[in-house]
Amino acid sequence: MRKKIVAGNWKMNNDLAETEMFLVELKKQVFPENVVVMIAPSFTNLNHAFRSLREHPVKIVAQNMHQSNEGAFTGEISAKMLKSVGTNTVIIGHSERRAYFKEDSAILADKVNTALENEMTAIFCIGEELEDRKKENHFQLIKTQLSEGLFHISDAAWENIIIAYEPVWAIGTGETASPKQAQEMHKFIRKTVAENYTEEIANNVSILYGGSVKPDNASEIFGQEDVDGGLIGGASLKVNSFMEIVNAFEKETGNRT
Ligand code: 13P
């Protein structure tokens with residue numbers, strides 16, 4: 001059965017002192033048992049966060065990694081390095097990596113392979129620009145991103161894949177996809193996985209929504225049938241707003257497990 005997940009992507013925010021402050025507050029929280037909670041600090045704070053949260057049910061996630069296992073790649077971080085500091089999950093293909101760091105589908109497919117070879121879980125991000133949506137090309141674009149970046153993997157590898165749908169026009173803009181738009185795209189993504197693999201694989205993969213998720217809109221978005229949680233940017237930087245989003249499933253299901 002697919003998991004409910006809320007992951008905080010801190011992007012290039014929070015230095016060591018700010019990370020420490022966040023962790024002190026986070027450790028005071030009670031976490032719902034039915035939600036997998038993740039945070040993705042900067043590389044420099046991964047190990048600190050891992051050690052600090054050792055006794056807590058929060059996974060530490062990397063925001064990126066290099067596709068090669070080692071070598072002359074000044075400034076880059078390998079899968080092995082991430083694993084050695086307590087990180088088994090990595091975000092791949094965030095739209096900011098695609099846009100600002102020119103990561104194309106071929107690079108992203110390599111990164112997915114490297115993550116899987118190293119027994120890591122990949123949170124694979126896809127999402128259309130506003131222009132694509134205006135031209136009604138968004139479904140085709142999502143299909144292409146999936147087939148070029150992800151659909152080369154084996155059936156078994158899907159156990160280590162999480163998909164994050166993040167429409168670029170909704171990231172950091174305050175503009176969210178409506179719950180209906182999110183559901184429509186998540187359903188399409190699941191159908192596309194089913195067509196290329198199996199119904200079972202499609203039903204078991206968690207598909208997260210990202211793009212201006214806030215405490216006041218999270219429960220409605222998470223209440224959609226094919227939305228299994230969120231990848232949260234701005235609202236994950238404060239413990240209060242992050243926890244309200246983590247707990248948004250409760251409001252949706254009406255019970256705490
Ligand atoms: P915001 O929640 O700040 O819109 O960011 C979403 C995002 O890009 C998460 O990866």
# chains A, B, ... in the order shown; residues from 1 in each chain; ligands from 1
call {"tool": "closest_atom_pairs", "arguments": {"of": "segment 181-239 of chain A", "to": "segment 145-161 of chain A", "cutoff": "12 Å", "atoms": "only C-alpha atoms", "output": "CSV"}}
result
residue,atom,partner,partner_atom,distance
A:Phe188,CA,A:Leu146,CA,11.4
A:Ile189,CA,A:Leu146,CA,8.4
A:Arg190,CA,A:Leu146,CA,10.9
A:Lys191,CA,A:Leu146,CA,11.8
A:Thr192,CA,A:Leu146,CA,8.5
A:Val193,CA,A:Phe151,CA,8.2
A:Ala194,CA,A:Asp155,CA,11.1
A:Glu195,CA,A:Phe151,CA,10.8
A:Asn196,CA,A:Phe151,CA,7.4
A:Tyr197,CA,A:Asp155,CA,6.9
A:Thr198,CA,A:Asp155,CA,8.4
A:Glu199,CA,A:Asp155,CA,11.4
A:Glu200,CA,A:Asp155,CA,10.2
A:Ile201,CA,A:Trp158,CA,6.9
A:Ala202,CA,A:Trp158,CA,9.0
A:Asn203,CA,A:Trp158,CA,11.0
A:Asn204,CA,A:Glu159,CA,8.2
A:Val205,CA,A:Ile161,CA,7.0
A:Ser206,CA,A:Ile161,CA,8.0
A:Ile207,CA,A:Ile161,CA,9.4
A:Leu208,CA,A:Ile161,CA,11.3
call {"tool": "write_last_selection", "arguments": {"atoms": "N, CA, C and O atoms", "output": "PDB file, in the first residue's frame"}}
result
ATOM      1  N   PHE A 188      -3.623  11.170 -13.746  1.00  0.00           N
ATOM      2  CA  PHE A 188      -2.984  10.958 -15.055  1.00  0.00           C
ATOM      3  C   PHE A 188      -1.610  10.293 -14.882  1.00  0.00           C
ATOM      4  O   PHE A 188      -1.256   9.374 -15.623  1.00  0.00           O
ATOM      5  N   ILE A 189      -0.854  10.774 -13.888  1.00  0.00           N
ATOM      6  CA  ILE A 189       0.490  10.201 -13.645  1.00  0.00           C
ATOM      7  C   ILE A 189       0.345   8.722 -13.276  1.00  0.00           C
ATOM      8  O   ILE A 189       1.057   7.862 -13.803  1.00  0.00           O
ATOM      9  N   ARG A 190      -0.605   8.422 -12.404  1.00  0.00           N
ATOM     10  CA  ARG A 190      -0.793   7.027 -11.977  1.00  0.00           C
ATOM     11  C   ARG A 190      -1.214   6.155 -13.169  1.00  0.00           C
ATOM     12  O   ARG A 190      -0.730   5.047 -13.346  1.00  0.00           O
ATOM     13  N   LYS A 191      -2.082   6.699 -13.999  1.00  0.00           N
ATOM     14  CA  LYS A 191      -2.539   5.949 -15.178  1.00  0.00           C
ATOM     15  C   LYS A 191      -1.349   5.694 -16.128  1.00  0.00           C
ATOM     16  O   LYS A 191      -1.193   4.606 -16.674  1.00  0.00           O
ATOM     17  N   THR A 192      -0.496   6.712 -16.271  1.00  0.00           N
ATOM     18  CA  THR A 192       0.660   6.577 -17.161  1.00  0.00           C
ATOM     19  C   THR A 192       1.626   5.518 -16.629  1.00  0.00           C
ATOM     20  O   THR A 192       2.189   4.734 -17.404  1.00  0.00           O
ATOM     21  N   VAL A 193       1.811   5.484 -15.312  1.00  0.00           N
ATOM     22  CA  VAL A 193       2.674   4.439 -14.724  1.00  0.00           C
ATOM     23  C   VAL A 193       2.035   3.064 -14.983  1.00  0.00           C
ATOM     24  O   VAL A 193       2.719   2.118 -15.390  1.00  0.00           O
ATOM     25  N   ALA A 194       0.727   2.976 -14.797  1.00  0.00           N
ATOM     26  CA  ALA A 194       0.026   1.693 -15.004  1.00  0.00           C
ATOM     27  C   ALA A 194       0.177   1.224 -16.449  1.00  0.00           C
ATOM     28  O   ALA A 194       0.401   0.039 -16.709  1.00  0.00           O
ATOM     29  N   GLU A 195       0.071   2.155 -17.395  1.00  0.00           N
ATOM     30  CA  GLU A 195       0.173   1.780 -18.813  1.00  0.00           C
ATOM     31  C   GLU A 195       1.565   1.277 -19.169  1.00  0.00           C
ATOM     32  O   GLU A 195       1.730   0.440 -20.046  1.00  0.00           O
ATOM     33  N   ASN A 196       2.572   1.815 -18.488  1.00  0.00           N
ATOM     34  CA  ASN A 196       3.950   1.434 -18.811  1.00  0.00           C
ATOM     35  C   ASN A 196       4.480   0.309 -17.938  1.00  0.00           C
ATOM     36  O   ASN A 196       5.495  -0.302 -18.276  1.00  0.00           O
ATOM     37  N   TYR A 197       3.836   0.090 -16.806  1.00  0.00           N
ATOM     38  CA  TYR A 197       4.247  -0.986 -15.894  1.00  0.00           C
ATOM     39  C   TYR A 197       3.000  -1.817 -15.574  1.00  0.00           C
ATOM     40  O   TYR A 197       2.434  -2.417 -16.474  1.00  0.00           O
ATOM     41  N   THR A 198       2.576  -1.818 -14.298  1.00  0.00           N
ATOM     42  CA  THR A 198       1.372  -2.583 -13.944  1.00  0.00           C
ATOM     43  C   THR A 198       0.469  -1.724 -13.057  1.00  0.00           C
ATOM     44  O   THR A 198       0.920  -0.748 -12.455  1.00  0.00           O
ATOM     45  N   GLU A 199      -0.786  -2.141 -12.953  1.00  0.00           N
ATOM     46  CA  GLU A 199      -1.732  -1.457 -12.054  1.00  0.00           C
ATOM     47  C   GLU A 199      -1.205  -1.483 -10.627  1.00  0.00           C
ATOM     48  O   GLU A 199      -1.325  -0.508  -9.882  1.00  0.00           O
ATOM     49  N   GLU A 200      -0.632  -2.618 -10.257  1.00  0.00           N
ATOM     50  CA  GLU A 200      -0.153  -2.777  -8.887  1.00  0.00           C
ATOM     51  C   GLU A 200       0.960  -1.774  -8.575  1.00  0.00           C
ATOM     52  O   GLU A 200       0.944  -1.105  -7.539  1.00  0.00           O
ATOM     53  N   ILE A 201       1.899  -1.652  -9.502  1.00  0.00           N
ATOM     54  CA  ILE A 201       2.989  -0.688  -9.299  1.00  0.00           C
ATOM     55  C   ILE A 201       2.411   0.725  -9.203  1.00  0.00           C
ATOM     56  O   ILE A 201       2.760   1.506  -8.328  1.00  0.00           O
ATOM     57  N   ALA A 202       1.493   1.032 -10.099  1.00  0.00           N
ATOM     58  CA  ALA A 202       0.901   2.378 -10.112  1.00  0.00           C
ATOM     59  C   ALA A 202       0.151   2.672  -8.810  1.00  0.00           C
ATOM     60  O   ALA A 202       0.218   3.779  -8.276  1.00  0.00           O
ATOM     61  N   ASN A 203      -0.526   1.660  -8.295  1.00  0.00           N
ATOM     62  CA  ASN A 203      -1.295   1.875  -7.063  1.00  0.00           C
ATOM     63  C   ASN A 203      -0.404   1.998  -5.839  1.00  0.00           C
ATOM     64  O   ASN A 203      -0.811   2.566  -4.830  1.00  0.00           O
ATOM     65  N   ASN A 204       0.793   1.448  -5.936  1.00  0.00           N
ATOM     66  CA  ASN A 204       1.680   1.457  -4.762  1.00  0.00           C
ATOM     67  C   ASN A 204       2.636   2.644  -4.706  1.00  0.00           C
ATOM     68  O   ASN A 204       3.268   2.875  -3.679  1.00  0.00           O
ATOM     69  N   VAL A 205       2.761   3.378  -5.813  1.00  0.00           N
ATOM     70  CA  VAL A 205       3.726   4.486  -5.790  1.00  0.00           C
ATOM     71  C   VAL A 205       3.078   5.730  -5.154  1.00  0.00           C
ATOM     72  O   VAL A 205       1.943   6.090  -5.472  1.00  0.00           O
ATOM     73  N   SER A 206       3.819   6.347  -4.244  1.00  0.00           N
ATOM     74  CA  SER A 206       3.317   7.583  -3.626  1.00  0.00           C
ATOM     75  C   SER A 206       3.577   8.743  -4.578  1.00  0.00           C
ATOM     76  O   SER A 206       4.697   8.902  -5.084  1.00  0.00           O
ATOM     77  N   ILE A 207       2.556   9.550  -4.793  1.00  0.00           N
ATOM     78  CA  ILE A 207       2.701  10.734  -5.652  1.00  0.00           C
ATOM     79  C   ILE A 207       2.412  11.967  -4.795  1.00  0.00           C
ATOM     80  O   ILE A 207       1.298  12.149  -4.301  1.00  0.00           O
ATOM     81  N   LEU A 208       3.450  12.784  -4.602  1.00  0.00           N
ATOM     82  CA  LEU A 208       3.336  13.971  -3.752  1.00  0.00           C
ATOM     83  C   LEU A 208       3.033  15.193  -4.611  1.00  0.00           C
ATOM     84  O   LEU A 208       3.499  15.289  -5.746  1.00  0.00           O
TER      85      LEU A 208
END
call {"tool": "select_by_dssp", "arguments": {"residues": "segment 2-221 of chain A", "states": "alpha helix (DSSP H)", "output": "PyMOL selection string"}}
result
chain A and resi 16-26+46-52+79-84+95-100+105-117+130-134+138-149+179-196+199-204+218-221
call {"tool": "residues_around", "arguments": {"residues": "Asp228 of chain A", "least_positions_apart": "2", "cutoff": "8 Å", "atoms": "only C-alpha atoms", "output": "ChimeraX atom specification"}}
result
/A:2-5,206-209,222,225-226,230
call {"tool": "closest_residue", "arguments": {"among": "A:Ala7, A:Leu108, A:Ala17, A:Ile77", "to": "ligand 1", "atoms": "only C-alpha atoms and all ligand atoms"}}
result
A:Ala7
call {"tool": "residues_near_ligand", "arguments": {"ligand": "ligand 1", "cutoff": "7 Å", "atoms": "only C-alpha atoms and all ligand atoms", "output": "list in words"}}
result
Asn9, His94, Glu166, Ala170, Ile171, Gly172, Thr173, Gly174, Gly210, Gly211, Ser212, Val213, Leu231, Ile232, Gly233, Gly234 and Ala235 of chain A
call {"tool": "write_last_selection", "arguments": {"atoms": "C-alpha atoms", "output": "mmCIF file, in the first residue's frame"}}
result
data_model
loop_
_atom_site.group_PDB
_atom_site.id
_atom_site.type_symbol
_atom_site.label_atom_id
_atom_site.label_comp_id
_atom_site.auth_asym_id
_atom_site.auth_seq_id
_atom_site.Cartn_x
_atom_site.Cartn_y
_atom_site.Cartn_z
ATOM 1 C CA ASN A 9 12.565 20.780 0.930
ATOM 2 C CA HIS A 94 13.569 19.399 -8.971
ATOM 3 C CA GLU A 166 5.311 20.225 -8.806
ATOM 4 C CA ALA A 170 2.916 27.135 -8.359
ATOM 5 C CA ILE A 171 6.385 26.970 -6.768
ATOM 6 C CA GLY A 172 7.075 29.847 -4.394
ATOM 7 C CA THR A 173 4.414 31.959 -6.071
ATOM 8 C CA GLY A 174 1.599 31.578 -3.567
ATOM 9 C CA GLY A 210 4.383 20.435 -4.390
ATOM 10 C CA GLY A 211 3.809 24.135 -5.026
ATOM 11 C CA SER A 212 2.692 26.662 -2.398
ATOM 12 C CA VAL A 213 1.284 24.053 -0.010
ATOM 13 C CA LEU A 231 6.834 18.251 -1.056
ATOM 14 C CA ILE A 232 6.872 21.508 0.849
ATOM 15 C CA GLY A 233 9.193 24.479 0.281
ATOM 16 C CA GLY A 234 8.603 27.772 2.107
ATOM 17 C CA ALA A 235 6.149 26.425 4.679
#
call {"tool": "select_by_dssp", "arguments": {"residues": "segment 116-203 of chain A", "states": "strand (DSSP E)", "output": "VMD selection string"}}
result
chain A and resid 121 to 126 161 to 165
call {"tool": "closest_residue", "arguments": {"among": "A:Ile162, A:Ile126, A:Val37, A:Leu82", "to": "Ala99 of chain A", "atoms": "only C-alpha atoms"}}
result
A:Ile126
call {"tool": "residues_around", "arguments": {"residues": "Glu103 of chain A", "least_positions_apart": "6", "cutoff": "10 Å", "atoms": "only C-alpha atoms", "output": "PyMOL selection string"}}
result
chain A and resi 92-97
call {"tool": "write_last_selection", "arguments": {"atoms": "N, CA, C and O atoms", "output": "compact mmCIF listing (two decimals), in the first residue's frame"}}
result
# COMPACT_ATOMS: atom_id res chain seq x y z
N ILE A 92 15.47 14.15 -6.89
CA ILE A 92 16.10 14.20 -8.22
C ILE A 92 15.16 14.92 -9.19
O ILE A 92 13.96 14.65 -9.24
N GLY A 93 15.74 15.88 -9.93
CA GLY A 93 14.98 16.53 -11.00
C GLY A 93 14.06 17.64 -10.53
O GLY A 93 13.08 17.97 -11.22
N HIS A 94 14.38 18.24 -9.38
CA HIS A 94 13.57 19.40 -8.97
C HIS A 94 13.60 20.43 -10.10
O HIS A 94 14.62 20.60 -10.77
N SER A 95 12.51 21.16 -10.28
CA SER A 95 12.45 22.09 -11.41
C SER A 95 13.54 23.16 -11.32
O SER A 95 13.98 23.69 -12.35
N GLU A 96 13.99 23.48 -10.09
CA GLU A 96 15.09 24.47 -9.98
C GLU A 96 16.40 23.87 -10.50
O GLU A 96 17.21 24.57 -11.09
N ARG A 97 16.61 22.58 -10.31
CA ARG A 97 17.79 21.91 -10.88
C ARG A 97 17.67 21.86 -12.40
O ARG A 97 18.64 22.08 -13.12
call {"tool": "atom_distance", "arguments": {"atom1": "atom CA of Phe73 of chain A", "atom2": "atom CA of Lys59 of chain A"}}
result
27.2 Å
call {"tool": "residues_around", "arguments": {"residues": "Val61 of chain A", "least_positions_apart": "5", "cutoff": "9 Å", "atoms": "only C-alpha atoms", "output": "PyMOL selection string"}}
result
chain A and resi 7-9+38-41+46+82+86-91
call {"tool": "write_last_selection", "arguments": {"atoms": "N, CA and C atoms", "output": "compact mmCIF listing (two decimals), in the first residue's frame"}}
result
# COMPACT_ATOMS: atom_id res chain seq x y z
N ALA A 7 7.28 15.86 2.96
CA ALA A 7 8.72 16.11 2.92
C ALA A 7 8.96 17.62 2.81
N GLY A 8 9.83 18.13 3.67
CA GLY A 8 10.19 19.55 3.62
C GLY A 8 11.47 19.73 2.83
N ASN A 9 11.38 20.47 1.73
CA ASN A 9 12.57 20.78 0.93
C ASN A 9 13.01 22.19 1.31
N MET A 38 9.70 13.76 6.32
CA MET A 38 11.08 13.90 5.81
C MET A 38 11.46 15.38 5.81
N ILE A 39 12.75 15.64 6.05
CA ILE A 39 13.25 17.00 5.81
C ILE A 39 14.52 16.92 4.95
N ALA A 40 14.67 17.90 4.09
CA ALA A 40 15.84 17.94 3.21
C ALA A 40 16.63 19.22 3.47
N PRO A 41 17.55 19.18 4.45
CA PRO A 41 18.41 20.34 4.70
C PRO A 41 19.51 20.43 3.63
N LEU A 46 23.27 17.87 6.71
CA LEU A 46 22.64 16.55 6.67
C LEU A 46 23.05 15.69 7.86
N LEU A 82 26.45 10.60 0.64
CA LEU A 82 25.15 10.84 1.30
C LEU A 82 24.83 9.71 2.26
N GLY A 86 24.09 9.31 6.68
CA GLY A 86 22.78 8.95 7.20
C GLY A 86 21.61 9.29 6.30
N THR A 87 21.89 9.51 5.02
CA THR A 87 20.83 9.90 4.08
C THR A 87 20.61 8.81 3.04
N ASN A 88 19.41 8.26 3.01
CA ASN A 88 19.10 7.19 2.05
C ASN A 88 18.12 7.61 0.98
N THR A 89 17.74 8.86 1.01
CA THR A 89 16.73 9.36 0.08
C THR A 89 17.24 10.65 -0.56
N VAL A 90 16.96 10.80 -1.85
CA VAL A 90 17.46 11.99 -2.55
C VAL A 90 16.40 12.54 -3.51
N ILE A 91 16.28 13.85 -3.54
CA ILE A 91 15.38 14.51 -4.50
C ILE A 91 16.12 14.60 -5.84
call {"tool": "closest_residue", "arguments": {"among": "A:Pro32, A:Pro167, A:Phe124, A:Asn247", "to": "Ala218 of chain A", "atoms": "only C-alpha atoms"}}
result
A:Asn247
call {"tool": "atom_distance", "arguments": {"atom1": "atom CA of Asn240 of chain A", "atom2": "atom CA of Ser42 of chain A"}}
result
20.1 Å
call {"tool": "atom_distance", "arguments": {"atom1": "atom CA of Leu53 of chain A", "atom2": "atom CA of Gly223 of chain A"}}
result
28.6 Å
call {"tool": "closest_residue", "arguments": {"among": "A:Val246, A:Ala49, A:Met1, A:Ala79", "to": "Phe22 of chain A", "atoms": "only C-alpha atoms"}}
result
A:Ala49
call {"tool": "closest_residue", "arguments": {"among": "A:Phe249, A:Phe242, A:Phe43, A:Phe50", "to": "Met81 of chain A", "atoms": "only C-alpha atoms"}}
result
A:Phe43
call {"tool": "residues_around", "arguments": {"residues": "Ala248 of chain A", "least_positions_apart": "3", "cutoff": "10 Å", "atoms": "only C-alpha atoms", "output": "ChimeraX atom specification"}}
result
/A:6,214-223,229,242-245,251-254
